[in-house]
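Working notes, beginning with the structure itself.
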Amino acid sequence: MPVLWLADVDKNDIPLVGGKGANLGELLRAEIPVPDGFVVDARTFREFIEKTGISEKIYSLLENLDVEDTEKLDAVSKEIREIIENAKMPEEIEKEIREAYRKLCEEEGEEVYVAVRSSATAEDLPDASFAGQQDTYLNVVGEDNVVKKVKECWGSLFTPRAIYYRVQKGFRHEDVSIAVVVQKMINSEKSGVMFTSHPVTGEKLCIIEAVFGLGEAIVSGLVTPDTYVYDRRSRKLVEVKIGEKEFMITKQDGKTVKIKLDPEKAKERVLSDDEIDRLIVLGELIEDHYGKPQDVEWAIEKGKIYIVQSRPVTTIRDSDAEIEEVSEEGKILLKGLGASPGIATGKVKVIFSEEEISKVEDGDILVTTMTTPDMVPAMQRAAAIITDEGGMTCHAAIVSRELGVPAIVGTKEGTKILKDGMIVTVDGEKGIVYEGRIEKKEKPKPAVASVPVITATEVKVNISIPDVAERVARETNADGVGLFRIEHMILGLEKHPMKFISDGEIDRYVDLLYEEMKKVVKAFYPKPVWIRTIDAPTDEFRSMEGGEDEPIESNPMLGFRGIRRDLANDEHFRAEMRAIKKLIDEGYTNVGIMLPLVTSPWEVRRAKEIAISEGLPLDKIEFGIMVETPAAAMIIEDLIKEGIDFISLGTNDLTQYTLAVDRNNENVAYLYDETHPAVMKLIERTIRICKENGVKTSICGQAGSYPHVVEKLVKIGIDSVSANPDAVQKIREVVARIEKKIILEKLRKL
């Protein structure tokens, strides 16, 4: 039987129906919504080439072929495909295909449009997953056309890219066969690709890319799609990036056509929140079913979501792998989406079609509008890849990650700005192209190798002095910076912040902030760094040049400090935001903004308005608050409604404000107790409500260094603990011990 129905196959049938067919059958069996269809199995292709007598001729042409000789490779490919397409299909095979197609039509009561899709028996495997290996034909209708396209799919087993790939991967041509999936066509209004987890880091960040119309536009990289990032841990949509979708591909009068979108439609958001939620549910079901992150193709027709393909993500880097960095930043020529990590320097070669791939030599930087499957040989030779169009799921991004080649996509104007022969350095992690040659940063090797302690609860570090950040990052291996106090570096400047502003030197002040902040953000990249905006009392500012105008307060700790100072003098807050924006513009999206001494939703609302007005992309970075007043703890629900991503418990201030104890007053110091029941109740309440609303929780006060407090916090479910550098290792060990204890107690109860 040359034909098998999708409902009758599963993941164990790869040798028979190929990776695509096996995955679709497996998904159907798992009750995932997959369009119905059948598979012309891989045995049928072998029967076809044997019965027609073309087998020997095909494989003799491939014998000793130099795949690096592009012209010879193209000529052999063309000859083999003509041999296959001109050979007459055996009558019994053709009859089976026609009958299966008619049965598919009976369900609809009319001739149906189908997608005829290649499914090679060596594709979509854990160690062999390449985008666009063989051909797919959309909107095929009629028995004659289905039979014709099945033969063309068989021929696509011998495209130049497929031949080259097999040689590079070490597959013998004779060992690879091809099945063909014939599946009802979804005439999608919306379609795209979803990575159920981050395709590089493996984090539980679901990345969805979407376009209007058929998915061909997104996979081929013909348009820059919308990108939606959903944090599966906090159950929140954390980033929405609207792509300018100049056109859509759709079915019209039985043909696949490209339709230009009007400017308003081009900038319209493709997916609603509800559609994203439904996609996430399906994605998680598929990932759970297979037990590993998946690369899922989907389509939406008349409001219903269909899954049209799923394959394992094979590009997640080892958690122990070192992230490459440039030793120093140079002049930035171009920015885009960092699609495949790594640093590479080389000579630019701009190409616009497959005919030009011979221009690209070993170690060149390949620059093009968008790569195609036929460019794979050149991509293999390139040191890095840069494209004008595309997103995280386009051909260039997927293939580059598979090859381990740094790549930047969606630059819009790479082919215009970069010229042949230019020497550039590509940072595929941050999505930045620098002018000239910049060496990779040498990472010092640790003197003694030790087994790292792994905890589910993150252990971060508090930083005050930027100059020690690199050493602290290296020695503590902290999971990020839970508190970066910038007032310490500001107090070390030559004059009061407001004097810089009154002297007309605000740009200089912004640069000073940016340079110091960058030392910390760069040292910990890509781990998060939560920057707390200025929080120093008036008496500390008074001694600075220009500080004579600071008000004299009887209790500065209860006075003009924290966010209330910045909103009263919003010129300073704007300076802080501009410094942070400079970091983001350089690709450092690992920053978070943290507001101190919040007591009112209005403060959060106003701070966000200012940040947005200064151009900060709050959909790309985290925005949060300190909870260090009883007011903040008691109205945490209202503060969450203003749209915050995280909170950090400042237990030092929370204790003194709750117990009416000045921590600097020796007369009452004995009453100062961060573990007082009232303080702990406020902490527990805050964490519980934040967890219910998907807001991350952390602690950066001294209480986070007490094992018995940490134990309570971990049991409540705090996401991270931030400690001073000398305590990070101790706290990590405490957290690890507590987590094991919690697991052990649960096991004992069972």
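Letters A, B, ... mark the chains of the structure tokens in the order given; residue numbers begin at 1 per chain; ligand numbers begin at 1, in order shown.
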- Skip segment 62-76 of chain A itself and residues of its chain fewer than 6 positions away, then list as a VMD selection string all residues within 10 Å of it, counting only C-alpha atoms. chain A and resid 158 to 161 163 to 165 167 to 168 173 to 174 355 357 to 358 374 377 to 378 381
**Request:** For Pro526 of chain A, work out the shell of residues within 9 Å, counting only C-alpha atoms and skipping chain neighbours fewer than 3 positions away, then give it as a list in words.
**Result:** Ile323, Gly480, Val521, Lys522, Ala523, Val529, Tyr588, Thr589 and Asn590 of chain A
Let me see the file: selected residues, N, CA, C and O atoms, as an mmCIF file, in the first residue's frame.
data_model
loop_
_atom_site.group_PDB
_atom_site.id
_atom_site.type_symbol
_atom_site.label_atom_id
_atom_site.label_comp_id
_atom_site.auth_asym_id
_atom_site.auth_seq_id
_atom_site.Cartn_x
_atom_site.Cartn_y
_atom_site.Cartn_z
ATOM 1 N N ILE A 323 29.286 32.584 26.861
ATOM 2 C CA ILE A 323 28.755 33.540 25.902
ATOM 3 C C ILE A 323 29.893 34.429 25.430
ATOM 4 O O ILE A 323 30.597 35.045 26.231
ATOM 5 N N GLY A 480 22.324 37.208 38.379
ATOM 6 C CA GLY A 480 21.987 38.562 37.971
ATOM 7 C C GLY A 480 22.188 39.513 39.134
ATOM 8 O O GLY A 480 22.728 39.136 40.183
ATOM 9 N N VAL A 521 25.999 46.360 33.760
ATOM 10 C CA VAL A 521 25.114 45.679 32.814
ATOM 11 C C VAL A 521 25.912 44.784 31.873
ATOM 12 O O VAL A 521 25.516 43.650 31.574
ATOM 13 N N LYS A 522 27.059 45.266 31.412
ATOM 14 C CA LYS A 522 27.903 44.482 30.504
ATOM 15 C C LYS A 522 28.530 43.297 31.226
ATOM 16 O O LYS A 522 28.619 42.190 30.669
ATOM 17 N N ALA A 523 28.966 43.502 32.457
ATOM 18 C CA ALA A 523 29.628 42.428 33.207
ATOM 19 C C ALA A 523 28.695 41.245 33.423
ATOM 20 O O ALA A 523 29.139 40.092 33.446
ATOM 21 N N VAL A 529 19.867 42.827 35.284
ATOM 22 C CA VAL A 529 20.409 43.809 36.235
ATOM 23 C C VAL A 529 19.293 44.799 36.547
ATOM 24 O O VAL A 529 18.866 45.557 35.679
ATOM 25 N N TYR A 588 21.735 46.095 25.191
ATOM 26 C CA TYR A 588 21.703 45.594 26.573
ATOM 27 C C TYR A 588 20.268 45.633 27.096
ATOM 28 O O TYR A 588 19.890 46.508 27.871
ATOM 29 N N THR A 589 19.479 44.649 26.667
ATOM 30 C CA THR A 589 18.084 44.592 27.109
ATOM 31 C C THR A 589 17.942 43.778 28.398
ATOM 32 O O THR A 589 16.834 43.386 28.763
ATOM 33 N N ASN A 590 19.048 43.535 29.072
ATOM 34 C CA ASN A 590 18.993 42.812 30.350
ATOM 35 C C ASN A 590 18.807 43.754 31.532
ATOM 36 O O ASN A 590 18.991 43.358 32.673
#
Closest atom pairs, segment 355-442 of chain A residues within 12 Å of segment 325-338 of chain A, only C-alpha atoms, as a Markdown table:
| residue | atom | partner | partner_atom | distance |
| --- | --- | --- | --- | --- |
| A:Val367 | CA | A:Leu334 | CA | 11.9 |
| A:Ala384 | CA | A:Gly338 | CA | 11.5 |
| A:Ile385 | CA | A:Gly338 | CA | 10.6 |
| A:Ile386 | CA | A:Gly336 | CA | 8.6 |
| A:Thr387 | CA | A:Gly336 | CA | 8.6 |
| A:Asp388 | CA | A:Gly336 | CA | 8.4 |
| A:Glu389 | CA | A:Gly336 | CA | 9.3 |
| A:Gly390 | CA | A:Leu337 | CA | 8.7 |
| A:Gly391 | CA | A:Leu337 | CA | 7.1 |
| A:Met392 | CA | A:Leu337 | CA | 7.7 |
| A:Thr393 | CA | A:Leu337 | CA | 11.2 |
| A:Cys394 | CA | A:Leu337 | CA | 11.5 |
| A:Ala396 | CA | A:Gly338 | CA | 11.4 |
| A:Ala397 | CA | A:Gly338 | CA | 8.9 |
| A:Ile398 | CA | A:Gly338 | CA | 12.0 |
| A:Ser400 | CA | A:Gly338 | CA | 11.0 |
| A:Arg401 | CA | A:Gly338 | CA | 10.8 |
| A:Val405 | CA | A:Gly338 | CA | 11.6 |
| A:Pro406 | CA | A:Gly338 | CA | 8.3 |
| A:Ala407 | CA | A:Gly338 | CA | 6.5 |
| A:Ile408 | CA | A:Gly338 | CA | 4.8 |
| A:Val409 | CA | A:Leu337 | CA | 5.2 |
| A:Gly410 | CA | A:Gly336 | CA | 5.4 |
| A:Thr411 | CA | A:Gly336 | CA | 4.2 |
| A:Lys412 | CA | A:Gly336 | CA | 7.8 |
| A:Glu413 | CA | A:Leu334 | CA | 8.1 |
| A:Gly414 | CA | A:Leu334 | CA | 7.0 |
| A:Thr415 | CA | A:Leu334 | CA | 10.5 |
| A:Lys416 | CA | A:Leu334 | CA | 10.5 |
| A:Ile417 | CA | A:Leu333 | CA | 7.6 |
| A:Leu418 | CA | A:Leu333 | CA | 8.2 |
| A:Lys419 | CA | A:Leu333 | CA | 11.4 |
| A:Met422 | CA | A:Leu333 | CA | 11.1 |
| A:Ile423 | CA | A:Leu333 | CA | 11.2 |
| A:Val424 | CA | A:Leu333 | CA | 8.7 |
| A:Thr425 | CA | A:Val326 | CA | 8.7 |
| A:Val426 | CA | A:Val326 | CA | 9.2 |
| A:Asp427 | CA | A:Val326 | CA | 7.6 |
| A:Gly428 | CA | A:Gly338 | CA | 4.9 |
| A:Glu429 | CA | A:Gly338 | CA | 5.0 |
| A:Lys430 | CA | A:Gly338 | CA | 5.2 |
| A:Gly431 | CA | A:Gly338 | CA | 3.8 |
| A:Ile432 | CA | A:Lys335 | CA | 4.7 |
| A:Val433 | CA | A:Leu334 | CA | 5.1 |
| A:Tyr434 | CA | A:Ile332 | CA | 4.6 |
| A:Glu435 | CA | A:Lys331 | CA | 5.5 |
| A:Gly436 | CA | A:Gly330 | CA | 7.9 |
| A:Arg437 | CA | A:Gly330 | CA | 8.9 |
| A:Ile438 | CA | A:Val326 | CA | 6.4 |
| A:Glu439 | CA | A:Ser327 | CA | 5.8 |
| A:Lys440 | CA | A:Val326 | CA | 4.5 |
| A:Lys441 | CA | A:Ser327 | CA | 4.0 |
| A:Glu442 | CA | A:Ser327 | CA | 7.4 |
Mind checking DSSP for segment 318-414 of chain A and telling me the strand (DSSP E or B) residues as a PyMOL selection string?
chain A and resi 326+332-335+337-340+343-350+365-368+384-387+407-409
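Atom to atom, atom CA of Cys105 of chain A and atom CA of Asn12 of chain A stand 28.1 Å apart.
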_Excluding Pro312 of chain A and its own-chain neighbours fewer than 3 positions away, which residues fall within 7 Å of it when counting only C-alpha atoms? Please give them as JSON, numbers by chain._
{"A": [126, 292, 293, 294, 295]}
Output N, CA, C and O atoms of each residue in that selection to a file, as an mmCIF file, in the first residue's frame.
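In the end it all went to result.cif:
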data_model
loop_
_atom_site.group_PDB
_atom_site.id
_atom_site.type_symbol
_atom_site.label_atom_id
_atom_site.label_comp_id
_atom_site.auth_asym_id
_atom_site.auth_seq_id
_atom_site.Cartn_x
_atom_site.Cartn_y
_atom_site.Cartn_z
ATOM 1 N N PRO A 126 16.447 14.687 15.750
ATOM 2 C CA PRO A 126 17.161 15.460 16.763
ATOM 3 C C PRO A 126 18.537 15.910 16.305
ATOM 4 O O PRO A 126 19.014 16.942 16.723
ATOM 5 N N LYS A 292 10.261 17.732 24.950
ATOM 6 C CA LYS A 292 11.349 18.670 24.629
ATOM 7 C C LYS A 292 10.778 19.861 23.858
ATOM 8 O O LYS A 292 9.705 19.751 23.239
ATOM 9 N N PRO A 293 11.472 21.007 23.885
ATOM 10 C CA PRO A 293 10.970 22.197 23.175
ATOM 11 C C PRO A 293 10.728 21.920 21.697
ATOM 12 O O PRO A 293 11.467 21.163 21.063
ATOM 13 N N GLN A 294 9.694 22.573 21.160
ATOM 14 C CA GLN A 294 9.275 22.330 19.782
ATOM 15 C C GLN A 294 9.250 23.606 18.951
ATOM 16 O O GLN A 294 9.005 24.699 19.460
ATOM 17 N N ASP A 295 9.498 23.429 17.667
ATOM 18 C CA ASP A 295 9.379 24.468 16.652
ATOM 19 C C ASP A 295 8.088 24.137 15.903
ATOM 20 O O ASP A 295 8.028 23.154 15.167
#
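Here atom CA of Gly492 of chain A is placed at a distance of 26.3 Å from atom CA of Phe623 of chain A.
The protein and nucleic acid residues lying at most 7 Å from Gln729 of chain A are Thr476, Arg732 and Glu733 of chain A, with only C-alpha atoms considered and sequence neighbours fewer than 3 positions away removed.
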Atom pair atom CA of His708 of chain A + atom CA of Pro725 of chain A, distance 19.6 Å
Contact residues around Cys690 of chain A with only C-alpha atoms at 10 Å, ignoring same-chain residues under 3 positions, as JSON, numbers by chain: {"A": [234, 636, 637, 640, 644, 645, 646, 647, 684, 685, 686, 687, 693, 694, 695, 696, 697, 718]}
*asked:* Quick one: residues within 9 Å of Met498 of chain A, only C-alpha atoms, excluding same-chain residues fewer than 6 positions away - as a ChimeraX atom specification?
replied: /A:506,546-547,569,571-572
I'd like the neighbourhood of Asp135 of chain A as a PyMOL selection string, where a residue qualifies if any of its atoms comes within 7 Å (using only C-alpha atoms), though same-chain residues fewer than 6 positions away should be ignored.
chain A and resi 117-118+153+156
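Shortest atom-to-atom contact with Ile93 of chain A among A:Val3, A:Val461, A:Ile54, A:Ala30: A:Val3, counting only C-alpha atoms.
With only C-alpha atoms as the atoms that count, the residue of A:Asp549, A:Glu111, A:Glu56, A:Glu576 with the shortest distance to Leu513 of chain A is A:Glu576.
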Exercise for review: DSSP on the backbone, then: every residue of segment 66-221 of chain A marked alpha helix (DSSP H), written as a ChimeraX atom specification.
Suggested key: /A:70-86,91-106,143-155,160-169,216-219
